[in-house]
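Colleague: Let me begin by handing over the structure; questions about it come next.
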Amino acid sequence: MSLAFSVGESAQIRADFPILARTVRDEKPLVYLDSGATSQKPRVVLDAEREFYTQHNAAVHRGAHQLAEEATEAFEDARATIAAFLGGNSDEIVFTKNGTEAINLIAYAVSNAAFPGAVDGADLAAAARLSVGPGDEIVVTEMEHHANLVPWQELARRTGATLKWIAIDEEGRLGAPESAISDRTKILAITHVSNVVGTRNDLAPYVAAAKANNAIVVVDACQSVPHLDVTDLTVADSGIDFVIFTGHKVLGPSGIGVLWGRTELLAAMPPFLTGGSMIEVVKMEGSTYAPPPQRFEAGVPVAAQAVGLAAAVRYLQGWGMDRVHAHDEALTAYALEQMATRPWLKVLGPRDAAERVGSVAFVVEGVHPHDVGQILDDDGIAVRTGHHCAWPLHRALGVPSSTRASFGIYTTTDEIDAMMASLDRVVEIFGVNS
Amino acid sequence: MDMYGELILEHSKRPVASGLRDGHAGEAYHVNTTCGDEVTVRVHLSQTAGADSVLAPGDVTLTDLSYDATGCSISMAATSMLAQEAIGESVADSLDVYRGVQAMLTSRGQDAGDVEEIGDAVALAGVSKYPARVKCALLGWSAYLDALARAGVDISSVKSSIKTP
Ligand SMILES: Cc1ncc(COP(=O)(O)O)c(C=O)c1O
């Protein structure tokens with residue numbers, strides 16, 4: 001099988017990630033197959049954060065001294081890097097604490113928009129799209145991470161709107177758009193790639209159905225951004241209004257998330273969090289707010305994290321997102337191929353690697369995922385076990401929980417081999433060989 | 001992997017007294033939120049509590065413990081061991097077992113457990129080295145204690161060490 005990176009390149013990549021050199025559980029080499037939960041960080045990211053703190057640290061957008069200028073510039077440079085990575089403009093990029101906060105920001109801005117005087121002089125058409133109330137419907141899918149489900153359940157509760165969802169079939173594919181999207185739909189929140197079954201959703205028909213009703217479309221790209229060029233999501237005619245992702249899964253630091261939004265919608269959106277740095281004029285009687293993106297970045301922002309995330313994105317771009325994706329697809333194909341030779345192992349989700357990104361979740365017949373994970377951990381192999389914050393998805397597939405191996409730029413087929421050998425041991429210990 | 005001894009595998013494959021039965025004095029459903037494992041435990045007691053009186057654990061016998069569980073081998077085995085130790089005994093004795101099991105599981109490998117005190121549950125000693133799994137081993141126990149409380153048994157002597165979801 002051919003991987004996108006040569007043996008030499010793969011070794012070079014692995015050397016860039018200091019943590020991969022450590023051992024676990026009695027001197028066993030670390031086999032890290034949990035990048036879907038969080039990725040490891042290359043040295044360039046750690047260095048970028050460290051350099052920010054040792055050379056330029058100051059409160060961003062506050063103060064006029066040299067360090068404040070440098071810190072602000074570093075922060076805004078990071079914004080420009082992320083914008084280019086997503087194919088957007090800097091003023092369409094809002095930094096948040098993580099992906100979860102980015103989704104909540106949208107959901108709260110929507111419900112705050114219902115209050116009078118939300119944003120002075122907002123574009124009426126954009127403001128109308130943000131208004132959600134009784135009789136309106138919010139559509140999600142059954143494969144969402146809790147982060148792209150619970151905020152919408154809460155928005156429905158606060159506004160009196162109804163939550164609908166697109167069910168999944170037994171192979172982890174979405175049902176038809178019409179099954180939930182209708183002329184009552186005001187918001188569609190949908191994941192690009194499932195964090196469990198790995199399905200890469202063909203977004204176009206869902207977006208088109210939502211657009212037919214002028215609904216707002218939010219795409220959770222947390223699991224696609226680490227592996228795919230996602231600039232097609234943000235092009236002018238994509239029909240998508242918001243794209244969110246979380247930094248720590250893209251080789252970046254924890255503590256940073258990204259929201260990309262259409263300019264006219266961001267401009268019409270009231271703030272989510274309020275306080276310093278997001279204001280225009282403050283008087284005791286009331287305040288006016290800065291234009292986006294500052295309106296959505298209350299308080300001293302996540303500057304060092306943004307700088308680290310920009311370094312992470314540049315690192316990926318240095319290898320090329322097309323190769324990063326090809327690498328992931330080859331690993332996925334290899335893992336699926338190996339798993340197919342084990343009759344006691346059931347893969348969740350599509351069997352075709354081309355339909356998947358980033359991870360393979362599975363169940364070992366008769367063995368609980370916790371027990372699978374325990375044996376793997378004993379062999380130095382880190383995988384995720386449980387419901388992976390996607391409880392409804394597991395319920396729909398008829399399994400309480402699963403084991404998930406997920407990949408990164410540094411993952412090798414040797415690591416997949418190590419996992420398979422350990423899985424064979426699971427079956428020996430628990431005596432379920434068929 | 002020394003954590004999975006024969007006793008654990010045996011209990012998890014053939015759990016003692018498994019199944020829900022009627023005639024219970026209290027019932028509790030607990031779930032491990034990280035993995036979705038679930039257990040429903042029913043306690044069947046030798047006497048019933050009055051409307052506003054509590055039963056002293058030493059005065060009550062656990063005539064049966066019935067349960068329905070889905071979970072990993074650790075949580076299944078631990079619940080089965082609980083049933084094996086507690087059924088037919090005074091509730092006060094089962095609370096002593098709980099204290100012993102809890103101390104062992106939270107000892108980070110320091111406390112191997114006393115077979116006289118906690119029975120087959122000594123086989124769970126290895127779990128204490130894995131903090132993430134301690135919850136699994138205590139899932140059935142936490143439901144049991146909750147079911148006792150709902151049946152009007154005074155469990156204040158162990159209450160500080162349990163959390164109800
Ligand atoms: C698909 C998906 N959406 C959202 C999130 C939330 O990201 P975070 O926990 O960093 O906010 C995650 C990961 O946890 C995810 O996998």
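Labeling convention for the structure tokens: chains A, B, ... as they appear, residues from 1 per chain, ligands from 1 in order of appearance.
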Just the residues within 10 Å of Asn148 (chain A), please, counting only C-alpha atoms, with nothing from its chain fewer than 6 positions along; format it as a list of chain:residue names.

Modeller: A:Gly99, A:Thr100, A:Ala102, A:Ile103, A:Asn104, A:Val140, A:Thr141, A:Ala189, A:Ile190, A:Thr191, A:Val218, A:Val219, A:Asp220, A:Ala390

Colleague: How would the residues just chosen look if you wrote them out with N, CA, C and O atoms as a compact mmCIF listing (two decimals), in the first residue's frame?

Modeller:
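What ended up in selection.txt:
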```txt
# COMPACT_ATOMS: atom_id res chain seq x y z
N GLY A 99 -14.35 24.79 20.05
CA GLY A 99 -15.43 24.62 19.07
C GLY A 99 -16.80 24.72 19.73
O GLY A 99 -17.74 25.30 19.15
N THR A 100 -16.91 24.19 20.91
CA THR A 100 -18.17 24.22 21.65
C THR A 100 -18.63 25.66 21.87
O THR A 100 -19.80 25.99 21.67
N ALA A 102 -17.82 28.23 20.09
CA ALA A 102 -18.16 28.84 18.80
C ALA A 102 -19.62 28.53 18.44
O ALA A 102 -20.35 29.40 17.95
N ILE A 103 -20.05 27.29 18.69
CA ILE A 103 -21.44 26.91 18.39
C ILE A 103 -22.39 27.64 19.34
O ILE A 103 -23.42 28.18 18.92
N ASN A 104 -22.03 27.69 20.61
CA ASN A 104 -22.87 28.41 21.57
C ASN A 104 -22.97 29.89 21.23
O ASN A 104 -24.01 30.51 21.44
N VAL A 140 -30.94 19.40 13.11
CA VAL A 140 -29.60 18.84 13.33
C VAL A 140 -29.61 17.42 12.76
O VAL A 140 -30.57 17.02 12.12
N THR A 141 -28.53 16.68 12.99
CA THR A 141 -28.54 15.29 12.54
C THR A 141 -28.28 14.38 13.74
O THR A 141 -27.79 14.83 14.78
N ALA A 189 -27.90 22.78 11.45
CA ALA A 189 -26.58 22.61 12.06
C ALA A 189 -26.14 21.18 11.77
O ALA A 189 -26.79 20.23 12.19
N ILE A 190 -25.06 21.03 11.05
CA ILE A 190 -24.69 19.71 10.52
C ILE A 190 -23.18 19.53 10.57
O ILE A 190 -22.43 20.48 10.35
N THR A 191 -22.76 18.31 10.85
CA THR A 191 -21.33 18.07 10.91
C THR A 191 -20.79 17.72 9.53
O THR A 191 -21.48 17.08 8.73
N VAL A 218 -25.08 26.06 9.59
CA VAL A 218 -23.89 26.01 10.44
C VAL A 218 -23.21 24.67 10.21
O VAL A 218 -23.85 23.62 10.35
N VAL A 219 -21.94 24.68 9.87
CA VAL A 219 -21.21 23.43 9.65
C VAL A 219 -20.17 23.24 10.73
O VAL A 219 -19.33 24.12 10.97
N ASP A 220 -20.25 22.10 11.41
CA ASP A 220 -19.26 21.72 12.41
C ASP A 220 -18.12 21.01 11.67
O ASP A 220 -18.28 19.88 11.21
N ALA A 390 -21.25 11.28 21.50
CA ALA A 390 -22.26 11.13 20.44
C ALA A 390 -23.17 9.99 20.86
O ALA A 390 -23.21 8.94 20.24
```

Colleague: Chain A residues within 6 Å of chain B, counting only C-alpha atoms: which ones, as a ChimeraX atom specification?

Modeller: /A:368,370,386-387

Colleague: At a cut-off of 10 Å and counting only C-alpha atoms and all ligand atoms, what residues surround ligand 1? Please answer as a PyMOL selection string.

Modeller: chain A and resi 36-38+96-104+143-149+190-196+198+219-224+244-249+254-258+388-390

Colleague: Looking at B:Thr79, B:Ser53, B:Thr48, B:Thr63, which one is nearest to His11 (chain B), with distances taken over only C-alpha atoms?

Modeller: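 Among the listed residues, B:Thr79 lies closest to His11 (chain B).
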
Colleague: Running DSSP on the backbone, which parts of region 212-434 of chain A land in strand (DSSP E), as a PyMOL selection string?

Modeller: chain A and resi 216-220+242-246+257-261+279-283+286-289+345-347+359-364+381-382+384-386+402-406

Colleague: Write out as a PyMOL selection string all residues of region 174-233 of chain A that DSSP puts in alpha helix (DSSP H) for this structure's backbone.

Modeller: chain A and resi 204-211+231-233
